[in-house]
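Below is one structure, written out as structure tokens; comments come after it.
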Amino acid sequence: MDYTIKDLPESERPREKLEERGPDGLTDVELLSILLRTGTKGKNVKELSSEILNTYSLDELADRGLEDLKNFEGVSRVKAGQLQAIGELSRRLEKEEREEISSLSDVKAVCGDMKFLEEEILRVFYLSSGNEILARKEFDGGVSEVGFRPREIFKGALNSNAAAMILVHNHPSGEASATQEDIEVTEELRELGEKMGVDVLDHVVVGDGYYSMRSEEEALF
């Protein structure tokens, strides 16, 4: 038996959130869950969507073959085709009008929705040498979470041939400041980025306001 969105608690159902908040209030995982509709036995559709987006960014899906995508448990040939189509649409939209992030105000423009999220996520923007957004990827939890793995973040940078990245995570409590763990992990990523040729330009914390480690903690950068 496949697990559908209806099997989730009502407060976690993406369709209900979409009606209440609009698409800007949903994460990439929740939006993909609406499109895929069903998961599989033992794995609801949000878990399946999270697994997919932790492996590939949206635009990377277009480059994966059907058989590659079918390797995800719960992804049929039909779902694999849907994922390819979603990836191609994402890539075409990016080509039509590729956004740039060159200041904190640009970060605010693409991360305003994170103020309203009830769970903490990490959103990474992969940038060209000219600060164009090449790809973005979301991870469940913040940078201080136990399950955080730098390799997954830099895999996205290598796949998109990025020259730099900007990290953004939210504090559902509304506190717009960095914890000591946030600072330490950011420094770890910056040092790793130097070795790999990928600059960590900033790490922004979203709460009731915005906190930029680059502007507030210049010593880190």
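By convention in this document, the chains of the structure tokens carry letters A, B, ... by their order, each chain's residues are numbered from 1, and ligands are numbered from 1 in the order they are shown.
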**Study point:** Selection: 8 Å around region 19-30 of chain A, only C-alpha atoms, excl. self and same-chain fewer than 6 positions, as a count of residues only
**Key:** 9
Exercise for review: Measure the distance from CA of Asp140 (chain A) to CA of Leu122 (chain A) in Å and round it to one decimal.
Suggested key: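 Straight-line distance from CA of Asp140 (chain A) to CA of Leu122 (chain A) works out to 6.4 Å.
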Point to revise | Those of region 32-212 of chain A in DSSP helix (DSSP H, G or I), formatted as a PyMOL selection string | key: chain A and resi 32-36+45-55+58-63+66-69+77-96+104-116+150-159+180-196
**Study point:** All strand (DSSP E) residues (DSSP, backbone) inside region 13-152 of chain A, as a PyMOL selection string
**Key:** chain A and resi 121-127+133-140
So that I have them on file, write out the residues from the current selection with N, CA and C atoms, as a PDB file, in the first residue's frame.
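Everything below was put into part14.pdb:
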ATOM      1  N   ILE A 121      15.278  24.657   8.361  1.00  0.00           N
ATOM      2  CA  ILE A 121      15.885  24.103   7.158  1.00  0.00           C
ATOM      3  C   ILE A 121      17.142  24.891   6.828  1.00  0.00           C
ATOM      4  N   LEU A 122      17.987  24.298   6.034  1.00  0.00           N
ATOM      5  CA  LEU A 122      19.170  24.976   5.502  1.00  0.00           C
ATOM      6  C   LEU A 122      18.998  25.077   3.994  1.00  0.00           C
ATOM      7  N   ARG A 123      19.066  26.282   3.460  1.00  0.00           N
ATOM      8  CA  ARG A 123      18.946  26.508   2.017  1.00  0.00           C
ATOM      9  C   ARG A 123      20.299  27.017   1.507  1.00  0.00           C
ATOM     10  N   VAL A 124      20.822  26.349   0.501  1.00  0.00           N
ATOM     11  CA  VAL A 124      22.137  26.707  -0.037  1.00  0.00           C
ATOM     12  C   VAL A 124      21.981  27.203  -1.468  1.00  0.00           C
ATOM     13  N   PHE A 125      22.546  28.356  -1.751  1.00  0.00           N
ATOM     14  CA  PHE A 125      22.541  28.915  -3.105  1.00  0.00           C
ATOM     15  C   PHE A 125      23.937  28.743  -3.699  1.00  0.00           C
ATOM     16  N   TYR A 126      23.984  28.106  -4.868  1.00  0.00           N
ATOM     17  CA  TYR A 126      25.249  27.892  -5.574  1.00  0.00           C
ATOM     18  C   TYR A 126      25.377  28.955  -6.660  1.00  0.00           C
ATOM     19  N   LEU A 127      26.489  29.683  -6.641  1.00  0.00           N
ATOM     20  CA  LEU A 127      26.637  30.868  -7.483  1.00  0.00           C
ATOM     21  C   LEU A 127      27.789  30.743  -8.474  1.00  0.00           C
ATOM     22  N   ILE A 133      22.721  32.795  -9.638  1.00  0.00           N
ATOM     23  CA  ILE A 133      22.296  31.566  -8.968  1.00  0.00           C
ATOM     24  C   ILE A 133      22.271  30.437  -9.996  1.00  0.00           C
ATOM     25  N   LEU A 134      23.160  29.482  -9.824  1.00  0.00           N
ATOM     26  CA  LEU A 134      23.215  28.322 -10.721  1.00  0.00           C
ATOM     27  C   LEU A 134      22.271  27.223 -10.259  1.00  0.00           C
ATOM     28  N   ALA A 135      22.123  27.075  -8.962  1.00  0.00           N
ATOM     29  CA  ALA A 135      21.255  26.046  -8.392  1.00  0.00           C
ATOM     30  C   ALA A 135      21.036  26.366  -6.928  1.00  0.00           C
ATOM     31  N   ARG A 136      20.038  25.751  -6.350  1.00  0.00           N
ATOM     32  CA  ARG A 136      19.830  25.866  -4.913  1.00  0.00           C
ATOM     33  C   ARG A 136      19.384  24.513  -4.385  1.00  0.00           C
ATOM     34  N   LYS A 137      19.666  24.277  -3.124  1.00  0.00           N
ATOM     35  CA  LYS A 137      19.336  22.991  -2.531  1.00  0.00           C
ATOM     36  C   LYS A 137      18.927  23.207  -1.085  1.00  0.00           C
ATOM     37  N   GLU A 138      17.962  22.406  -0.618  1.00  0.00           N
ATOM     38  CA  GLU A 138      17.493  22.513   0.756  1.00  0.00           C
ATOM     39  C   GLU A 138      17.809  21.241   1.523  1.00  0.00           C
ATOM     40  N   PHE A 139      18.145  21.425   2.798  1.00  0.00           N
ATOM     41  CA  PHE A 139      18.435  20.319   3.692  1.00  0.00           C
ATOM     42  C   PHE A 139      17.560  20.467   4.931  1.00  0.00           C
ATOM     43  N   ASP A 140      17.017  19.369   5.407  1.00  0.00           N
ATOM     44  CA  ASP A 140      16.227  19.406   6.634  1.00  0.00           C
ATOM     45  C   ASP A 140      17.135  19.738   7.814  1.00  0.00           C
TER      46      ASP A 140
END
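Checking A:Ser103, A:Ser173, A:Ser128, A:Ser90 one by one against Leu58 (chain A), counting only C-alpha atoms, you find the shortest gap at A:Ser90.
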